[in-house]
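To be precise, the following lines are query_1.cif, and they hold mmCIF, C-alpha atoms.
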```
data_data
loop_
_atom_site.label_atom_id
_atom_site.label_comp_id
_atom_site.auth_asym_id
_atom_site.auth_seq_id
_atom_site.Cartn_x
_atom_site.Cartn_y
_atom_site.Cartn_z
CA MET A 5 116.61 124.79 101.58
CA THR A 6 119.17 122.05 100.95
CA ALA A 7 118.69 118.82 102.90
CA PRO A 8 121.63 117.59 104.95
CA ALA A 9 124.02 115.61 102.81
CA ASN A 10 123.84 112.56 105.03
CA THR A 11 120.07 112.38 105.32
CA VAL A 12 117.40 111.74 102.71
CA VAL A 13 114.17 111.86 104.61
CA ARG A 14 113.09 111.89 108.23
CA THR A 15 109.79 110.86 109.78
CA GLY A 16 109.87 113.67 112.31
CA ARG A 17 110.66 111.28 115.15
CA ASP A 18 113.96 111.14 116.97
CA GLY A 19 113.17 108.28 119.35
CA ASP A 20 114.67 104.82 119.65
CA ASP A 21 112.51 103.29 116.89
CA LEU A 22 115.27 103.74 114.30
CA LEU A 23 116.35 100.33 113.01
CA VAL A 24 118.69 100.96 110.05
CA ALA A 25 120.44 104.17 109.02
CA VAL A 26 121.96 104.28 105.53
CA ARG A 27 124.48 107.08 105.26
CA ASP A 28 126.09 108.35 102.01
CA LEU A 29 126.27 104.76 100.74
CA LYS A 30 128.32 104.08 97.61
CA LYS A 31 128.99 100.91 95.66
CA HIS A 32 131.25 101.22 92.62
CA PHE A 33 132.22 98.23 90.49
CA PRO A 34 135.60 98.40 88.68
CA ILE A 35 135.75 98.23 84.88
CA ARG A 36 138.77 96.19 83.81
CA GLU A 37 140.35 95.94 80.38
CA GLY A 38 143.33 94.27 78.75
CA ALA A 39 145.39 91.22 79.53
CA LEU A 40 146.45 92.71 82.87
CA GLN A 41 142.88 93.64 83.75
CA LYS A 42 143.77 97.25 84.41
CA VAL A 43 141.02 99.30 86.07
CA VAL A 44 139.91 101.95 83.57
CA GLY A 45 136.80 103.18 85.32
CA HIS A 46 133.99 102.36 87.72
CA ILE A 47 130.29 101.63 87.38
CA LYS A 48 128.62 103.79 90.01
CA ALA A 49 125.74 101.46 90.84
CA VAL A 50 125.00 103.24 94.13
CA ASP A 51 126.46 106.72 94.44
CA GLY A 52 125.71 108.46 97.71
CA VAL A 53 122.36 107.26 99.09
CA SER A 54 121.03 108.02 102.57
CA PHE A 55 117.77 107.08 104.28
CA ASP A 56 116.35 105.64 107.50
CA ILE A 57 114.29 102.51 108.15
CA ARG A 58 112.29 102.43 111.36
CA ARG A 59 110.82 99.52 113.25
CA GLY A 60 107.51 98.32 111.86
CA GLU A 61 107.55 100.49 108.71
CA THR A 62 107.90 99.70 105.03
CA VAL A 63 110.28 101.75 102.90
CA GLY A 64 109.64 101.32 99.18
CA LEU A 65 112.65 101.55 96.87
CA VAL A 66 111.56 102.22 93.28
CA GLY A 67 113.08 103.06 89.92
CA GLU A 68 113.79 101.62 86.47
CA SER A 69 115.85 98.49 85.95
CA GLY A 70 119.52 99.35 86.31
CA CYS A 71 119.04 102.25 88.73
CA GLY A 72 120.86 100.44 91.57
CA LYS A 73 117.93 99.16 93.67
CA THR A 74 119.07 95.53 93.98
CA THR A 75 122.70 96.50 94.58
CA LEU A 76 121.57 98.82 97.36
CA GLY A 77 119.53 96.01 98.88
CA ARG A 78 122.50 93.65 98.80
CA VAL A 79 124.72 96.22 100.52
CA VAL A 80 122.11 96.91 103.20
CA SER A 81 121.76 93.16 103.83
CA GLY A 82 125.53 92.74 104.20
CA LEU A 83 125.81 90.48 101.14
CA THR A 84 127.99 93.06 99.36
CA GLU A 85 130.52 95.41 100.94
CA PRO A 86 130.15 99.13 100.21
CA THR A 87 132.79 101.20 98.47
CA ASP A 88 132.16 104.12 100.81
CA GLY A 89 129.60 105.25 103.34
CA GLY A 90 127.91 102.80 105.64
CA VAL A 91 124.82 100.95 106.84
CA TYR A 92 124.24 101.35 110.58
CA PHE A 93 122.08 98.96 112.58
CA GLY A 94 120.63 99.34 116.07
CA LEU A 95 121.42 103.00 116.66
CA GLY A 96 119.53 104.71 119.46
CA GLY A 97 118.15 108.20 119.01
CA GLU A 98 121.10 109.86 120.73
CA GLU A 99 123.59 107.71 118.81
CA ARG A 100 121.93 108.60 115.52
CA ARG A 101 122.18 112.31 116.25
CA LYS A 102 125.81 111.87 117.28
CA LEU A 103 126.57 109.93 114.07
CA ASP A 104 125.00 112.57 111.84
CA THR A 105 126.89 115.32 113.63
CA LEU A 106 130.20 113.50 113.13
CA LEU A 107 129.51 112.71 109.47
CA GLU A 108 128.81 116.36 108.72
CA VAL A 109 132.51 117.03 109.43
CA GLN A 110 134.74 116.06 106.50
CA SER A 111 137.32 113.39 107.31
CA PRO A 112 140.41 115.69 107.04
CA ASP A 113 138.77 118.21 109.39
CA ARG A 114 137.85 115.79 112.17
CA THR A 115 139.69 116.00 115.47
CA ASP A 116 141.24 112.88 117.00
CA GLU A 117 138.38 112.78 119.49
CA GLN A 118 135.78 112.93 116.71
CA SER A 119 137.56 110.22 114.73
CA GLU A 120 137.68 107.94 117.78
CA ALA A 121 133.98 108.53 118.48
CA LEU A 122 133.07 107.68 114.87
CA SER A 123 135.27 104.56 114.95
CA ALA A 124 133.48 103.41 118.11
CA LEU A 125 130.08 103.87 116.46
CA ASP A 126 131.31 102.00 113.37
CA ALA A 127 132.59 99.07 115.41
CA ASN A 128 129.28 98.65 117.23
CA HIS A 129 126.77 99.52 114.52
CA ARG A 130 128.25 99.67 110.99
CA VAL A 131 127.43 96.45 109.15
CA ASP A 132 130.60 96.13 107.08
CA VAL A 133 132.85 96.86 110.09
CA MET A 134 131.21 95.04 113.00
CA VAL A 135 132.49 91.56 113.80
CA GLY A 136 131.76 88.71 116.20
CA ASP A 137 128.57 88.83 118.23
CA ALA A 138 127.57 92.22 116.84
CA PHE A 139 127.59 90.96 113.25
CA ASP A 140 125.87 87.71 114.22
CA HIS A 141 123.13 89.79 115.82
CA TYR A 142 122.68 91.74 112.59
CA ARG A 143 122.88 88.65 110.42
CA ARG A 144 119.96 87.01 112.21
CA ASN A 145 117.92 90.22 112.32
CA CYS A 146 118.24 91.05 108.61
CA GLN A 147 116.85 88.51 106.15
CA VAL A 148 116.26 88.63 102.39
CA VAL A 149 113.48 87.38 100.14
CA PHE A 150 114.85 87.27 96.60
CA GLN A 151 113.03 87.96 93.34
CA GLU A 152 113.45 84.48 91.82
CA SER A 153 112.25 82.01 94.41
CA PHE A 154 113.32 78.93 92.45
CA ALA A 155 116.92 80.15 92.11
CA SER A 156 117.13 81.00 95.82
CA LEU A 157 115.96 77.55 97.01
CA ASN A 158 118.38 74.62 96.83
CA PRO A 159 116.75 72.14 94.41
CA ARG A 160 118.47 69.19 96.13
CA GLN A 161 117.12 69.92 99.60
CA LEU A 162 113.78 69.12 101.15
CA ILE A 163 111.61 72.00 102.35
CA LYS A 164 112.21 70.81 105.90
CA ASP A 165 115.95 71.39 105.45
CA ILE A 166 115.59 74.68 103.54
CA VAL A 167 113.33 76.38 106.08
CA GLY A 168 115.13 74.83 109.05
CA ARG A 169 118.64 75.74 107.96
CA PRO A 170 118.73 79.17 109.69
CA LEU A 171 117.62 77.50 112.92
CA ARG A 172 120.39 74.93 112.65
CA VAL A 173 123.09 77.44 111.72
CA HIS A 174 122.26 79.64 114.71
CA ARG A 175 121.69 76.59 116.92
CA GLU A 176 118.12 77.54 117.72
CA ALA A 177 116.67 74.04 117.42
CA SER A 178 117.44 70.44 116.48
CA GLY A 179 115.75 67.08 116.14
CA SER A 180 111.99 66.92 116.61
CA ASP A 181 111.95 70.49 117.99
CA LEU A 182 113.41 71.71 114.71
CA THR A 183 110.74 69.89 112.73
CA GLU A 184 107.95 71.41 114.81
CA ARG A 185 109.44 74.89 114.43
CA VAL A 186 109.52 74.40 110.64
CA VAL A 187 105.91 73.22 110.63
CA GLU A 188 104.93 76.31 112.62
CA LEU A 189 106.68 78.58 110.12
CA LEU A 190 105.07 76.84 107.15
CA GLU A 191 101.64 77.21 108.72
CA GLN A 192 102.22 80.92 109.19
CA VAL A 193 102.66 81.32 105.43
CA GLY A 194 99.73 79.14 104.46
CA LEU A 195 101.48 75.79 104.01
CA GLY A 196 101.68 72.82 106.37
CA ARG A 197 103.21 69.60 107.64
CA GLN A 198 102.37 67.78 104.41
CA HIS A 199 104.92 69.94 102.57
CA LEU A 200 107.94 69.05 104.73
CA PHE A 201 109.30 66.28 102.54
CA ARG A 202 108.88 67.82 99.11
CA TYR A 203 111.40 69.53 96.85
CA PRO A 204 111.13 73.10 95.47
CA HIS A 205 110.25 71.94 91.93
CA GLN A 206 107.09 70.33 93.31
CA PHE A 207 105.58 73.70 94.20
CA SER A 208 104.06 76.56 92.24
CA GLY A 209 105.78 79.96 92.02
CA GLY A 210 103.56 81.43 94.72
CA GLN A 211 104.16 78.48 97.05
CA ARG A 212 107.93 78.72 96.55
CA GLN A 213 107.81 82.40 97.47
CA ARG A 214 105.88 81.46 100.62
CA ILE A 215 108.67 79.00 101.46
CA SER A 216 111.24 81.78 100.96
CA ILE A 217 109.25 84.00 103.32
CA ALA A 218 109.05 81.20 105.91
CA ARG A 219 112.83 80.77 105.77
CA ALA A 220 113.32 84.53 106.16
CA LEU A 221 111.10 84.55 109.26
CA ALA A 222 112.76 81.55 110.93
CA LEU A 223 114.99 83.65 113.23
CA ASP A 224 112.29 86.23 113.98
CA PRO A 225 114.20 89.10 112.28
CA GLU A 226 113.51 92.79 112.70
CA LEU A 227 114.20 93.68 109.05
CA VAL A 228 113.28 91.82 105.86
CA ILE A 229 114.59 92.99 102.49
CA LEU A 230 112.11 92.12 99.75
CA ASP A 231 113.70 92.23 96.31
CA GLU A 232 110.87 92.20 93.75
CA PRO A 233 109.11 89.43 95.72
CA THR A 234 106.01 89.35 93.48
CA SER A 235 107.27 90.38 90.03
CA ALA A 236 107.44 86.79 88.70
CA LEU A 237 103.98 85.83 89.99
CA ASP A 238 100.47 85.96 88.52
CA VAL A 239 98.34 88.91 89.59
CA SER A 240 96.07 86.81 91.82
CA VAL A 241 99.08 85.19 93.51
CA GLN A 242 100.73 88.59 93.93
CA ALA A 243 97.76 89.76 95.97
CA GLN A 244 98.00 86.69 98.22
CA ILE A 245 101.72 87.24 98.87
CA LEU A 246 101.27 90.96 99.53
CA ASN A 247 98.43 90.31 101.96
CA LEU A 248 100.55 87.66 103.68
CA LEU A 249 103.47 90.07 104.03
CA HIS A 250 101.16 92.73 105.47
CA GLU A 251 99.67 90.32 108.00
CA LEU A 252 103.11 89.09 109.08
CA GLN A 253 104.31 92.67 109.48
CA GLN A 254 101.38 93.48 111.75
CA GLU A 255 101.91 90.34 113.84
CA ARG A 256 105.69 90.63 114.20
CA ASN A 257 106.27 94.42 113.90
CA LEU A 258 108.60 93.75 110.96
CA ALA A 259 110.38 96.48 108.99
CA TYR A 260 110.50 95.99 105.22
CA LEU A 261 112.80 97.40 102.58
CA PHE A 262 110.54 96.73 99.59
CA ILE A 263 112.43 96.88 96.29
CA THR A 264 110.17 97.02 93.24
CA HIS A 265 109.42 98.73 89.95
CA ASP A 266 105.67 98.20 90.38
CA LEU A 267 104.21 101.47 91.63
CA SER A 268 100.78 100.00 92.38
CA VAL A 269 102.41 97.46 94.71
CA VAL A 270 104.55 100.01 96.52
CA ARG A 271 101.53 102.30 96.91
CA HIS A 272 99.73 99.49 98.69
CA MET A 273 102.68 98.39 100.85
CA ALA A 274 104.98 101.32 101.64
CA ASP A 275 104.84 103.99 104.32
CA ARG A 276 107.62 105.96 102.62
CA ILE A 277 109.13 105.82 99.15
CA VAL A 278 112.69 106.40 97.91
CA VAL A 279 112.90 106.97 94.14
CA MET A 280 116.29 106.12 92.62
CA TYR A 281 117.77 107.12 89.26
CA VAL A 282 121.25 106.11 88.05
CA GLY A 283 122.55 105.35 91.53
CA LYS A 284 121.21 108.40 93.35
CA VAL A 285 118.02 109.43 95.10
CA ALA A 286 115.80 111.56 92.88
CA GLU A 287 112.98 111.98 95.39
CA ALA A 288 111.89 110.60 98.76
CA GLY A 289 108.99 111.11 101.10
CA PRO A 290 105.72 109.73 102.49
CA THR A 291 103.89 107.49 100.01
CA GLN A 292 100.76 109.60 99.82
CA THR A 293 102.79 112.76 99.22
CA ILE A 294 104.88 111.15 96.46
CA PHE A 295 101.79 109.98 94.60
CA GLU A 296 99.74 113.13 95.06
CA ARG A 297 102.45 115.81 94.77
CA PRO A 298 105.57 114.46 93.04
CA GLU A 299 108.32 117.07 92.88
CA HIS A 300 110.74 115.42 90.45
CA PRO A 301 110.05 114.99 86.70
CA TYR A 302 111.40 111.43 86.89
CA THR A 303 108.76 110.52 89.49
CA ASP A 304 106.17 112.09 87.18
CA ALA A 305 107.44 109.95 84.32
CA LEU A 306 107.27 106.75 86.40
CA LEU A 307 103.70 107.51 87.42
CA ALA A 308 102.72 108.42 83.86
CA SER A 309 104.17 105.20 82.44
CA SER A 310 102.44 102.89 84.93
CA PRO A 311 99.23 101.26 83.59
CA ASP A 312 97.76 101.01 87.10
CA MET A 313 98.19 104.74 87.64
CA LYS A 314 96.25 105.69 84.49
CA GLU A 315 92.58 105.35 83.61
CA SER A 316 93.26 104.16 80.08
CA ALA A 317 96.12 102.78 78.05
CA GLN A 318 95.90 105.85 75.79
CA ASP A 319 97.18 108.00 78.66
CA LEU A 320 100.45 106.05 78.95
CA GLN A 321 103.65 107.99 78.36
CA ALA A 322 106.98 106.33 77.72
CA LEU A 323 110.26 107.78 78.91
CA GLU A 324 112.28 108.79 75.88
CA GLY A 325 115.99 108.12 75.50
CA ALA A 326 118.28 105.54 77.03
CA ILE A 327 119.31 105.37 80.67
CA PRO A 328 122.73 107.07 80.99
CA ASP A 329 125.85 104.98 81.47
CA PRO A 330 126.38 104.60 85.26
CA ALA A 331 130.12 104.54 84.59
CA LEU A 332 129.87 108.12 83.30
CA PRO A 333 126.72 109.65 84.84
CA PRO A 334 125.56 113.07 83.63
CA GLN A 335 126.64 116.21 85.46
CA GLY A 336 124.16 118.35 87.38
CA CYS A 337 120.84 116.55 87.39
CA ARG A 338 121.30 112.99 86.15
CA PHE A 339 117.84 112.97 84.61
CA HIS A 340 118.35 116.04 82.42
CA THR A 341 119.24 113.96 79.33
CA ARG A 342 115.67 112.57 79.27
CA CYS A 343 113.77 115.30 81.11
CA PRO A 344 110.90 117.00 79.22
CA VAL A 345 111.20 120.15 81.36
CA ALA A 346 115.01 120.48 81.57
CA THR A 347 116.44 123.97 82.10
CA PRO A 348 119.84 125.54 81.30
CA ALA A 349 120.73 125.10 84.99
CA CYS A 350 120.33 121.31 84.91
CA GLY A 351 123.97 120.66 84.00
CA TRP A 352 124.51 120.40 80.24
CA GLU A 353 127.93 119.07 79.29
CA VAL A 354 130.15 117.95 76.44
CA ASP A 355 128.90 114.37 76.64
CA ASP A 356 125.40 115.63 75.84
CA ILE A 357 126.73 116.80 72.48
CA VAL A 358 128.45 113.47 71.87
CA ARG A 359 125.19 111.64 72.63
CA TRP A 360 123.35 113.98 70.26
CA LEU A 361 125.91 113.30 67.52
CA GLU A 362 125.35 109.55 67.90
CA ASP A 363 121.73 110.05 66.85
CA GLU A 364 122.57 112.23 63.86
CA GLU A 365 123.13 110.26 60.69
CA GLY A 366 126.66 110.71 59.37
CA MET A 367 127.74 113.25 61.97
CA PHE A 368 129.18 110.86 64.54
CA ASP A 369 131.27 109.12 61.87
CA GLU A 370 132.90 112.48 61.11
CA LEU A 371 134.02 112.96 64.72
CA ARG A 372 137.72 112.17 65.22
CA ASP A 373 138.49 113.24 68.78
CA VAL A 374 137.13 115.04 71.83
CA GLU A 375 139.70 117.00 73.84
CA ARG A 376 138.11 117.79 77.19
CA LYS A 377 139.28 120.55 79.53
CA SER A 378 136.43 119.74 81.92
CA PRO A 379 133.04 118.06 81.66
CA PHE A 380 131.68 121.43 80.51
CA GLU A 381 134.38 122.51 78.04
CA ALA A 382 136.04 120.72 75.12
CA ALA A 383 137.25 120.89 71.55
CA LEU A 384 135.61 118.47 69.11
CA SER A 385 137.78 117.58 66.10
CA PHE A 386 136.15 116.45 62.85
CA ARG A 387 137.42 115.00 59.60
CA SER A 388 136.31 118.05 57.64
CA GLU A 389 135.59 121.74 58.14
CA ASP A 390 132.09 121.18 56.82
CA ALA A 391 131.29 118.76 59.67
CA ALA A 392 132.65 121.20 62.28
CA ASN A 393 130.56 124.03 60.81
CA ARG A 394 127.46 121.84 60.67
CA LEU A 395 127.77 121.06 64.38
CA ALA A 396 128.18 124.74 65.26
CA ALA A 397 125.16 125.64 63.12
CA ALA A 398 123.06 122.89 64.74
CA LEU A 399 123.97 124.07 68.24
CA ARG A 400 122.74 127.57 67.33
CA SER A 401 119.46 126.26 65.89
CA ASP A 402 116.35 124.40 66.99
CA ALA A 403 118.06 121.09 66.18
CA VAL A 404 119.08 120.78 69.84
CA PRO A 405 116.94 121.32 72.94
CA ASP A 406 116.39 124.93 73.91
CA ALA A 407 117.78 124.29 77.38
CA MET A 408 121.03 122.91 75.96
CA ARG A 409 121.41 125.86 73.57
CA SER A 410 120.77 128.37 76.36
CA ALA A 411 123.44 126.75 78.55
CA ILE A 412 126.20 127.38 75.96
CA GLU A 413 128.53 130.18 77.08
CA ASP A 414 131.02 130.01 74.22
CA LEU A 415 130.92 128.41 70.76
CA ASN A 416 133.38 128.91 67.92
CA THR A 417 134.84 126.97 65.01
CA THR A 418 138.43 127.02 63.78
CA GLY A 419 139.13 124.81 60.78
CA THR A 420 138.06 121.27 61.66
CA ASP A 421 137.67 122.03 65.39
CA THR A 422 134.55 123.19 67.19
CA ARG A 423 135.19 124.58 70.67
CA ILE A 424 132.35 124.76 73.14
CA ARG A 425 131.88 125.75 76.77
CA PHE A 426 128.74 125.18 78.82
CA THR A 427 127.81 126.90 82.06
CA ALA A 428 129.42 124.85 84.83
CA VAL A 429 127.07 123.66 87.56
CA ASP A 430 127.37 121.58 90.71
CA GLU A 431 125.52 118.32 91.19
CA VAL A 432 121.88 118.97 92.02
CA GLN A 433 121.31 118.26 95.71
CA LEU A 434 118.22 117.06 97.52
CA THR A 435 116.11 119.98 98.68
CA LEU A 436 113.34 120.05 101.25
CA ARG A 437 109.92 120.44 99.58
CA SER A 438 107.62 119.83 102.53
CA GLU A 439 107.80 117.94 105.81
CA ASP A 440 109.80 114.73 105.26
CA HIS A 441 109.68 115.27 101.46
CA VAL A 442 112.86 115.93 99.45
CA ALA A 443 113.69 116.02 95.75
CA ALA A 444 116.82 116.61 93.65
CA CYS A 445 115.49 119.05 91.07
CA VAL A 446 116.23 122.70 90.26
CA LEU A 447 112.55 123.33 89.58
CA ASN A 448 110.13 124.34 92.31
CA ARG A 449 106.40 123.64 92.02
CA GLY A 450 105.35 125.89 94.83
CA THR A 451 105.04 123.28 97.57
CA SER A 452 108.42 123.93 99.12
CA THR A 453 111.17 126.31 99.99
CA GLU A 454 113.29 127.42 97.06
CA PRO A 455 116.44 125.31 96.60
CA SER A 456 119.47 127.02 98.02
#
```

Represent the structure of the file as C-alpha cells.
Amino acid sequence: MTAPANTVVRTGRDGDDLLVAVRDLKKHFPIREGALQKVVGHIKAVDGVSFDIRRGETVGLVGESGCGKTTLGRVVSGLTEPTDGGVYFGLGGEERRKLDTLLEVQSPDRTDEQSEALSALDANHRVDVMVGDAFDHYRRNCQVVFQESFASLNPRQLIKDIVGRPLRVHREASGSDLTERVVELLEQVGLGRQHLFRYPHQFSGGQRQRISIARALALDPELVILDEPTSALDVSVQAQILNLLHELQQERNLAYLFITHDLSVVRHMADRIVVMYVGKVAEAGPTQTIFERPEHPYTDALLASSPDMKESAQDLQALEGAIPDPALPPQGCRFHTRCPVATPACGWEVDDIVRWLEDEEGMFDELRDVERKSPFEAALSFRSEDAANRLAAALRSDAVPDAMRSAIEDLNTTGTDTRIRFTAVDEVQLTLRSEDHVAACVLNRGTSTEPS
C-alpha cells in the first residue's frame, strides 16, 4: 500500500495537537558556471520530504552527513526559503485534513475555489508565505540550537546581552526586569547570576551549549530545532545536556526536531524517527519500531555501523561506496548504488555503468562520450572497439552486480559504440509497513502490506 504523497508518518491522532506540518518540502541550490554564472544544474539537498511534529514530542532526523538534515532544519525554522512545498505552523485538525485534501490535487487540476482555499491556508499558516503578526508569532515560537555553540554566540557580547536579546527584540522586558528574566533562564539550564557578565570564550563547550539553550527558551517557544546539539561535546557532558533537554521538555511541553547522526542519542530522545538519504525520506516511524524492525536496508546499515548498537567493535559494518551526487541522484531507489540486497527493480541506469567504469583501471579513460536517450538508455562511445567489447563482456559477466545485469533489457556493440537499455522504473515511493511506519524500498520483510 503506497503512503499518501504528502504524508510521511502519522501518529494515529487527528486532534489539535499538531504543531508543524512539513509537506512535500524541496530545497534545491543552483549550480553556476562560467563568467556569466549560468545555472547548469541544481543540488537537490531536500527533495520532497513530508512529516508532522506534534506538541510535546521529539522527532529525530537522522542520516549520514550530506543527506540534507541541516538544510531541512533551516527551512523548517524559516532561516532558508524552500524551493517548493511548504512548512505549515499552527494548523488545527480540520485545517490539516483540508490542507492534505487540497494538496492531493495537482495544481493544474485545482478549481478556482480550491486554489483560493489553499492560498488562504498558506497566508495564515505557511512559514515562507505568512507575514506580519502571523510570522512574528512563528518566529518567537520556533527557536534553534545550533551544532557549534561558540560560532552561534557573539564573542563580543556579554551573556546577559546574548540571552536577553530575544526578550529585547520582542519587547518582552527591559532594565532590571530583563536582567532578572535572564537570571531565571540561566538558572533553568544550570548556570546563574554569576555568569551574567562573562563572555562566551570564558565558558566550556557544555556551558556554552547551555547558554544557547537558555537563549532559545527565552520567548517560551513551542518548537525547538536542535541541530547536532551534543556532537561537539564530551560523552559525560552530552549526557548532562540531553538530560537537561528532557527535563525542559517535560516542564514546558516543548516539541523538538532533533537532528543528529548519533543513533544512541536519538534512541534516547526521540518519539519518532525520520531517516533521510540523499534528500529524501528512506524510512520513518516510531523509535522502537525503527530500532527493532527496520524495513529499509539503509536503516539497517546505519544501525550496523553504530558502535553503540553493537556488542563489539568486530561486529561493525561500514557502508561501501560513496554517497551519490545530490545534483544527479540515482533513479528508482536512491540507495541502490550501495545496497547489499539491491534487486533488478531498484532502478539501474546508465550512470551506474559510468560509476562502475570510474572504478575500473583504464576503462574510464577509454570512454569518449555518453549519448543518453533517457536515464535508462544510452550509447557509450569508446576510443577503440576493444574497449567497447570489454564493457559488453563485463556487463554479461559476474564483474557487475547480479541485480544490475538482470535489469539489462538490451545490450549490443557496434564498432566503438556499446548500446544499452535498462528496465525503466519509477521512483520508489514510501509504502506503509505497519501502523505509522513507512519505508521507501521495493523489498518486503513480511511486516507490512506489499508495496503497490

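Distances here use all atoms listed in the file; by that measure, the residue among A:Gln292, A:Gln151, A:Gln335, A:Asn145 closest to Gln433 in chain A is A:Gln335.
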
Original post:
So which residues get picked by the PyMOL selection byres ((chain A and resi 222) around 12) here, written as JSON, numbers by chain?
Top reply: {"A": [144, 145, 146, 147, 148, 164, 165, 166, 167, 168, 169, 170, 171, 172, 173, 174, 175, 176, 177, 182, 183, 184, 185, 186, 187, 188, 189, 190, 192, 193, 215, 216, 217, 218, 219, 220, 221, 223, 224, 225, 226, 228, 256]}

Original post:
At most 10 Å from (137.2, 98.6, 83.7), file frame, only C-alpha atoms: which residues, as a PyMOL selection string?
Top reply: chain A and resi 33-38+41-47+331

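CA of Ala407 in chain A is found 20.2 Å from CA of Ala286 in chain A.
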
**OP:** Run the PyMOL selection byres ((chain A and resi 231) around 9) on the file and write out the hits as a PyMOL selection string.
**Re:** chain A and resi 73-74+77+148-152+229-230+232-234+261-264

Subject >> Selection: 8 Å around Ala382 in chain A, only C-alpha atoms, excl. self and same-chain fewer than 2 positions, as a PyMOL selection string >> reply: chain A and resi 354+374-380+384+423-425

Subject >> Within-10 Å shell of (126.9, 112.4, 109.2) in input frame, only C-alpha atoms, as a ChimeraX atom specification >> reply: /A:8-11,27-28,54,89,100-110,122

Original post:
Neighbours of range 272-274 of chain A within 12 Å (all atoms listed in the file; same-chain residues fewer than 6 positions away dropped), as a ChimeraX atom specification?
Top reply: /A:57,60-66,230,242-243,245-251,253,259-264,266,288-295,312

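The set of residues that the PyMOL selection byres ((chain A and resi 442) around 8) takes from this file is A:Ala7, A:Val12, A:Val13, A:Glu287, A:Ala288, A:Gly289, A:Leu434, A:Thr435, A:Leu436, A:Arg437, A:Ser438, A:Asp440, A:His441, A:Ala443, A:Ala444.
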
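CA of Asn416 in chain A is found 27.3 Å from CA of Cys343 in chain A.
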
Original post:
In Å, with one decimal, what is the gap from CA of Gly70 in chain A to CA of Arg58 in chain A?
Top reply: 26.3 Å

Report, as lines of an AutoDock Vina configuration file, the axis-aligned box around all atoms of range 278-287 of chain A present in the file, extended by 4 Å on each side; give centre and edge lengths in Å to one decimal place.
```
center_x = 117.6
center_y = 108.7
center_z = 93.0
size_x = 17.9
size_y = 14.6
size_z = 17.9
```

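Among the candidates A:Gln244, A:Ser123, A:Gln211, A:Ser410, the one nearest to Phe154 in chain A when counting only C-alpha atoms is A:Gln211.
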
**OP:** Go through A:Ile412, A:Glu353, A:Val241, A:Asp421 one by one, measure the shortest atom-to-atom distance of each to Asp373 in chain A using all atoms listed in the file, and give the residue with the smallest value.
**Re:** A:Asp421

**OP:** Choose the residue, out of A:Ile327, A:Ile357, A:Leu258, A:Val279, that has the smallest atom-to-atom separation from Ala403 in chain A; count all atoms listed in the file.
**Re:** A:Ile357

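In this comparison, which uses all atoms listed in the file, the residue of A:Gln198, A:Thr418, A:Gln206, A:Ser180 approaching Pro159 in chain A most closely is A:Gln206.
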
Using all atoms listed in the file, which residues sit within 9 Å of Val80 in chain A once same-chain residues fewer than 3 positions away are excluded, as a short mmCIF file (atom, residue, chain, number, x, y, z; two decimals) with C-alpha atoms, in the coordinates of the input?
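As written to disk, result_38.cif reads:
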```cif
data_model
loop_
_atom_site.label_atom_id
_atom_site.label_comp_id
_atom_site.auth_asym_id
_atom_site.auth_seq_id
_atom_site.Cartn_x
_atom_site.Cartn_y
_atom_site.Cartn_z
CA VAL A 24 118.69 100.96 110.05
CA VAL A 26 121.96 104.28 105.53
CA THR A 75 122.70 96.50 94.58
CA LEU A 76 121.57 98.82 97.36
CA GLY A 77 119.53 96.01 98.88
CA LEU A 83 125.81 90.48 101.14
CA THR A 84 127.99 93.06 99.36
CA GLU A 85 130.52 95.41 100.94
CA PRO A 86 130.15 99.13 100.21
CA GLY A 90 127.91 102.80 105.64
CA VAL A 91 124.82 100.95 106.84
CA TYR A 92 124.24 101.35 110.58
CA VAL A 131 127.43 96.45 109.15
CA CYS A 146 118.24 91.05 108.61
CA ILE A 229 114.59 92.99 102.49
#
```
